[in-house]
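Let me begin by presenting the structure, written as structure tokens, before commenting on it.
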There are 2 protein chains.
Amino acid sequence: MANKIADLNRYIAKKGLKVTRQREAVAEVFFAEKGHISAEELYMKVAKSHPGIGLTTVYRTLKLLTEAGLAKERRFGEPQGVYEKEDEDRHHDHLICTRCGKIVEFKEPSIEEMQEDVARRYGFVVTDHKMELYGLCRTCSTA
Amino acid sequence: MANKIADLNRYIAKKGLKVTRQREAVAEVFFAEKGHISAEELYMKVAKSHPGIGLTTVYRTLKLLTEAGLAKERRFGEPQGVYEKEDEDRHHDHLICTRCGKIVEFKEPSIEEMQEDVARRYGFVVTDHKMELYGLCRTCSTA
DNA sequence: TTATCTGCAAACCCTTTGCATTTAA
DNA sequence: TTAAATGCAAAGGGTTTGCAGATAA
């Protein structure tokens, strides 16, 4: 996490931008998140520890993090975007409960191999993918 | 296609709604589409053959088609939604070229089996899924 | 010093809603 | 006749942008 902030600052320096307390505050809270978070949610969390930071700045910082390759914007079928950390390690996919909204992340290398396979058949070179499985989680399907 | 319109009219009748020339026009153009189309694009296509139909009506008809199970709303990482026909036959997924924007639909039953498998391991019952593979199509990767 | 950053408000895009009028049944 | 549908304009979310003042370098 500390190194994530360092990565960000390195990117900022390279671009001739500035390290500000707002950017550090937003990045800190963002990197402390486990899953995905919307701009609005992040804004509210940041406000607790660093009041006075505007929603606009949160949006701008998320965009910066995305450009720096440290965050990724996603959309789970809704107009509102959410952001998640762009990890160095393997790509993950999502299981989404349509009743309670719970989102579980998972990885499945064998599926990814098949994806490459399919893409090859259509002449595509895959650079990224998204897979979302919708359904009911254990709690909701037995309730 | 004619039977799709019939399906829609059946749904309309069941709900005590009305068959209007606007609804028929929008549905006709929508069902004639091969892939996905945004509300705006559909509105413009409909305008060519049936001028005077409002964008609002297009949105309302798309919502109706979705309720009737004849259309499905999707979002490919952008705020703007697109609609596609909800076919009776197998679910399909998408290959998306990040350079030229081309979208190819494909089906891969073996991947779907694996998805069920993964979900089961997490206690989920899958009702739907989305899979999008991003990359370069043949034309773009060799250009 | 000075180019970047901030917060606010206003603008923006996409979609939905309120309302008076029209229309299918 | 009458409940539903239409088109317009206005409102609604979520996100971006213009700008004057604040701030890191």
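Going by the structure tokens order, chains are called A, B, ..., each with residues numbered from 1, while ligands are numbered from 1 in the order shown.
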Which chain D residues are at most 8 Å from chain B (counting only C-alpha atoms (C1' of nucleotides)), as an MDAnalysis selection string?
chainID D and resid 4:7
Write out as an NGL selection string every residue belonging to chain A that has an atom at most 12 Å from any atom of chain B, counting only C-alpha atoms.
:A and (72-83 or 93-99 or 102-142)
What residues in chain C have any atom no more than 10 Å from chain A when counting only C-alpha atoms (C1' of nucleotides), and can you write them as a JSON list (two decimals) with all heavy atoms, in the first residue's frame?
```
[["chain", "number", "residue", "atom", "x", "y", "z"],
["C", 3, "DA", "P", 4.03, 29.26, -16.49],
["C", 3, "DA", "OP1", 5.26, 29.56, -17.24],
["C", 3, "DA", "OP2", 2.80, 30.05, -16.73],
["C", 3, "DA", "O5'", 3.69, 27.72, -16.69],
["C", 3, "DA", "C5'", 4.61, 26.74, -16.24],
["C", 3, "DA", "C4'", 3.90, 25.72, -15.36],
["C", 3, "DA", "O4'", 3.53, 26.34, -14.10],
["C", 3, "DA", "C3'", 2.61, 25.19, -15.97],
["C", 3, "DA", "O3'", 2.62, 23.78, -15.82],
["C", 3, "DA", "C2'", 1.51, 25.85, -15.16],
["C", 3, "DA", "C1'", 2.17, 26.05, -13.81],
["C", 3, "DA", "N9", 1.62, 27.18, -13.05],
["C", 3, "DA", "C8", 1.27, 28.42, -13.54],
["C", 3, "DA", "N7", 0.80, 29.24, -12.63],
["C", 3, "DA", "C5", 0.85, 28.49, -11.46],
["C", 3, "DA", "C6", 0.50, 28.78, -10.13],
["C", 3, "DA", "N6", 0.00, 29.96, -9.74],
["C", 3, "DA", "N1", 0.67, 27.82, -9.21],
["C", 3, "DA", "C2", 1.17, 26.63, -9.60],
["C", 3, "DA", "N3", 1.55, 26.24, -10.81],
["C", 3, "DA", "C4", 1.35, 27.22, -11.70],
["C", 4, "DT", "P", 1.41, 22.89, -16.31],
["C", 4, "DT", "OP1", 2.00, 21.77, -17.06],
["C", 4, "DT", "OP2", 0.41, 23.79, -16.92],
["C", 4, "DT", "O5'", 0.79, 22.33, -14.95],
["C", 4, "DT", "C5'", 1.65, 21.76, -13.99],
["C", 4, "DT", "C4'", 0.91, 21.66, -12.68],
["C", 4, "DT", "O4'", 0.57, 22.97, -12.19],
["C", 4, "DT", "C3'", -0.41, 20.89, -12.77],
["C", 4, "DT", "O3'", -0.35, 19.86, -11.78],
["C", 4, "DT", "C2'", -1.48, 21.92, -12.46],
["C", 4, "DT", "C1'", -0.71, 22.91, -11.61],
["C", 4, "DT", "N1", -1.26, 24.30, -11.59],
["C", 4, "DT", "C2", -1.65, 24.86, -10.38],
["C", 4, "DT", "O2", -1.59, 24.26, -9.32],
["C", 4, "DT", "N3", -2.13, 26.14, -10.47],
["C", 4, "DT", "C4", -2.24, 26.92, -11.62],
["C", 4, "DT", "O4", -2.67, 28.06, -11.56],
["C", 4, "DT", "C5", -1.81, 26.27, -12.83],
["C", 4, "DT", "C7", -1.89, 27.01, -14.13],
["C", 4, "DT", "C6", -1.35, 25.01, -12.77],
["C", 5, "DC", "P", -1.62, 18.94, -11.53],
["C", 5, "DC", "OP1", -1.10, 17.68, -10.96],
["C", 5, "DC", "OP2", -2.44, 18.96, -12.75],
["C", 5, "DC", "O5'", -2.44, 19.70, -10.39],
["C", 5, "DC", "C5'", -1.82, 19.88, -9.13],
["C", 5, "DC", "C4'", -2.85, 20.39, -8.14],
["C", 5, "DC", "O4'", -3.15, 21.75, -8.45],
["C", 5, "DC", "C3'", -4.16, 19.62, -8.15],
["C", 5, "DC", "O3'", -4.41, 19.21, -6.81],
["C", 5, "DC", "C2'", -5.18, 20.62, -8.67],
["C", 5, "DC", "C1'", -4.54, 21.96, -8.39],
["C", 5, "DC", "N1", -4.82, 23.05, -9.39],
["C", 5, "DC", "C2", -5.34, 24.27, -8.95],
["C", 5, "DC", "O2", -5.58, 24.43, -7.74],
["C", 5, "DC", "N3", -5.55, 25.26, -9.85],
["C", 5, "DC", "C4", -5.28, 25.06, -11.13],
["C", 5, "DC", "N4", -5.50, 26.06, -11.98],
["C", 5, "DC", "C5", -4.75, 23.82, -11.61],
["C", 5, "DC", "C6", -4.54, 22.84, -10.71],
["C", 6, "DT", "P", -5.73, 18.44, -6.44],
["C", 6, "DT", "OP1", -5.43, 17.63, -5.23],
["C", 6, "DT", "OP2", -6.25, 17.82, -7.65],
["C", 6, "DT", "O5'", -6.72, 19.59, -6.00],
["C", 6, "DT", "C5'", -6.42, 20.32, -4.82],
["C", 6, "DT", "C4'", -7.46, 21.39, -4.61],
["C", 6, "DT", "O4'", -7.40, 22.31, -5.71],
["C", 6, "DT", "C3'", -8.88, 20.85, -4.60],
["C", 6, "DT", "O3'", -9.34, 20.88, -3.25],
["C", 6, "DT", "C2'", -9.68, 21.81, -5.47],
["C", 6, "DT", "C1'", -8.67, 22.83, -5.94],
["C", 6, "DT", "N1", -8.68, 23.16, -7.39],
["C", 6, "DT", "C2", -9.04, 24.41, -7.78],
["C", 6, "DT", "O2", -9.38, 25.27, -6.99],
["C", 6, "DT", "N3", -8.99, 24.63, -9.13],
["C", 6, "DT", "C4", -8.61, 23.73, -10.12],
["C", 6, "DT", "O4", -8.58, 24.05, -11.30],
["C", 6, "DT", "C5", -8.25, 22.41, -9.64],
["C", 6, "DT", "C7", -7.84, 21.36, -10.62],
["C", 6, "DT", "C6", -8.31, 22.20, -8.33],
["C", 7, "DG", "P", -10.64, 20.14, -2.85],
["C", 7, "DG", "OP1", -10.58, 19.89, -1.38],
["C", 7, "DG", "OP2", -10.87, 19.04, -3.79],
["C", 7, "DG", "O5'", -11.75, 21.26, -3.11],
["C", 7, "DG", "C5'", -11.75, 22.44, -2.33],
["C", 7, "DG", "C4'", -12.86, 23.37, -2.82],
["C", 7, "DG", "O4'", -12.55, 23.76, -4.18],
["C", 7, "DG", "C3'", -14.24, 22.71, -2.85],
["C", 7, "DG", "O3'", -15.15, 23.58, -2.20],
["C", 7, "DG", "C2'", -14.54, 22.53, -4.33],
["C", 7, "DG", "C1'", -13.67, 23.56, -5.01],
["C", 7, "DG", "N9", -13.13, 23.16, -6.31],
["C", 7, "DG", "C8", -12.67, 21.91, -6.66],
["C", 7, "DG", "N7", -12.21, 21.86, -7.89],
["C", 7, "DG", "C5", -12.38, 23.15, -8.37],
["C", 7, "DG", "C6", -12.06, 23.70, -9.64],
["C", 7, "DG", "O6", -11.56, 23.15, -10.62],
["C", 7, "DG", "N1", -12.40, 25.04, -9.72],
["C", 7, "DG", "C2", -12.95, 25.78, -8.70],
["C", 7, "DG", "N2", -13.20, 27.06, -8.96],
["C", 7, "DG", "N3", -13.25, 25.28, -7.50],
["C", 7, "DG", "C4", -12.94, 23.96, -7.41],
["C", 8, "DC", "P", -16.62, 23.18, -1.90],
["C", 8, "DC", "OP1", -16.92, 23.69, -0.55],
["C", 8, "DC", "OP2", -16.78, 21.74, -2.21],
["C", 8, "DC", "O5'", -17.47, 24.02, -2.96],
["C", 8, "DC", "C5'", -17.30, 25.44, -3.01],
["C", 8, "DC", "C4'", -17.79, 25.94, -4.37],
["C", 8, "DC", "O4'", -16.90, 25.48, -5.39],
["C", 8, "DC", "C3'", -19.17, 25.42, -4.75],
["C", 8, "DC", "O3'", -20.11, 26.48, -4.59],
["C", 8, "DC", "C2'", -19.04, 24.99, -6.21],
["C", 8, "DC", "C1'", -17.65, 25.41, -6.59],
["C", 8, "DC", "N1", -16.95, 24.45, -7.47],
["C", 8, "DC", "C2", -16.44, 24.89, -8.69],
["C", 8, "DC", "O2", -16.61, 26.08, -9.02],
["C", 8, "DC", "N3", -15.78, 24.01, -9.50],
["C", 8, "DC", "C4", -15.62, 22.75, -9.11],
["C", 8, "DC", "N4", -14.95, 21.94, -9.92],
["C", 8, "DC", "C5", -16.14, 22.27, -7.86],
["C", 8, "DC", "C6", -16.78, 23.15, -7.08],
["C", 14, "DC", "P", -24.49, 10.50, -24.82],
["C", 14, "DC", "OP1", -23.63, 9.46, -25.39],
["C", 14, "DC", "OP2", -25.25, 11.41, -25.67],
["C", 14, "DC", "O5'", -25.53, 9.79, -23.83],
["C", 14, "DC", "C5'", -25.03, 8.80, -22.91],
["C", 14, "DC", "C4'", -26.13, 8.50, -21.93],
["C", 14, "DC", "O4'", -26.55, 9.71, -21.28],
["C", 14, "DC", "C3'", -27.39, 7.88, -22.55],
["C", 14, "DC", "O3'", -27.61, 6.63, -21.88],
["C", 14, "DC", "C2'", -28.49, 8.90, -22.25],
["C", 14, "DC", "C1'", -27.94, 9.63, -21.03],
["C", 14, "DC", "N1", -28.44, 11.00, -20.81],
["C", 14, "DC", "C2", -28.99, 11.33, -19.57],
["C", 14, "DC", "O2", -29.05, 10.47, -18.69],
["C", 14, "DC", "N3", -29.44, 12.59, -19.36],
["C", 14, "DC", "C4", -29.36, 13.50, -20.33],
["C", 14, "DC", "N4", -29.81, 14.73, -20.08],
["C", 14, "DC", "C5", -28.80, 13.19, -21.61],
["C", 14, "DC", "C6", -28.36, 11.93, -21.81],
["C", 15, "DT", "P", -28.81, 5.69, -22.35],
["C", 15, "DT", "OP1", -28.45, 4.31, -21.98],
["C", 15, "DT", "OP2", -29.21, 6.02, -23.73],
["C", 15, "DT", "O5'", -29.97, 6.16, -21.35],
["C", 15, "DT", "C5'", -29.76, 5.97, -19.97],
["C", 15, "DT", "C4'", -30.91, 6.56, -19.19],
["C", 15, "DT", "O4'", -30.96, 7.99, -19.37],
["C", 15, "DT", "C3'", -32.29, 6.03, -19.58],
["C", 15, "DT", "O3'", -32.78, 5.29, -18.45],
["C", 15, "DT", "C2'", -33.12, 7.27, -19.88],
["C", 15, "DT", "C1'", -32.30, 8.40, -19.25],
["C", 15, "DT", "N1", -32.41, 9.73, -19.90],
["C", 15, "DT", "C2", -32.90, 10.77, -19.15],
["C", 15, "DT", "O2", -33.25, 10.66, -18.00],
["C", 15, "DT", "N3", -32.95, 11.98, -19.80],
["C", 15, "DT", "C4", -32.58, 12.23, -21.12],
["C", 15, "DT", "O4", -32.67, 13.36, -21.58],
["C", 15, "DT", "C5", -32.08, 11.08, -21.85],
["C", 15, "DT", "C7", -31.65, 11.24, -23.27],
["C", 15, "DT", "C6", -32.02, 9.90, -21.22]]
```
For B:Asn9, find every residue with an atom within 12 Å (counting only C-alpha atoms (C1' of nucleotides)), except residues of its own chain fewer than 2 positions away, and show them as a list of chain:residue names.
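What passes the distance filter is B:Ala2, B:Asn3, B:Lys4, B:Ile5, B:Ala6, B:Asp7, B:Tyr11, B:Ile12, B:Ala13, B:Lys14, B:Lys15, B:Gly16, B:Leu17, B:Lys18, B:Val19, B:Thr20, B:Arg21, B:Arg23, B:Glu24, B:Ala27, B:Glu28, B:Leu64, B:Leu65, B:Ala68, B:Leu70.
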Taking only stretch 1-135 of chain A into account, list the residues labelled strand (DSSP E) by DSSP (computed from the backbone), as number ranges by chain.
A: 36-38, 71-74, 82-85, 93-97, 103-106, 125-135
Please identify all polymer residues within 7 Å of A:Ala39, counting only C-alpha atoms (C1' of nucleotides), omitting same-chain residues fewer than 4 positions from it, and present them as a ChimeraX atom specification.
/A:43,58-59,82
Limited to N, CA and C atoms, could you put the picked residues into a file as a compact mmCIF listing (two decimals), in the first residue's frame?
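What landed in out-v8.txt:
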```txt
# COMPACT_ATOMS: atom_id res chain seq x y z
N TYR A 43 -15.62 9.25 -1.94
CA TYR A 43 -15.73 10.64 -1.49
C TYR A 43 -16.19 10.70 -0.04
N VAL A 58 -12.08 13.86 -6.13
CA VAL A 58 -12.08 12.40 -6.07
C VAL A 58 -12.16 11.83 -7.48
N TYR A 59 -13.07 12.39 -8.28
CA TYR A 59 -13.16 11.93 -9.67
C TYR A 59 -11.85 12.12 -10.40
N VAL A 82 -17.67 1.91 -11.03
CA VAL A 82 -16.95 1.64 -9.78
C VAL A 82 -15.49 1.41 -10.14
```
Taking the DSSP secondary structure from the backbone, can you list the residues of chain B that are helix (DSSP H, G or I), as a PyMOL selection string?
chain B and resi 2-14+21-32+39-49+55-67+109-121+138-142
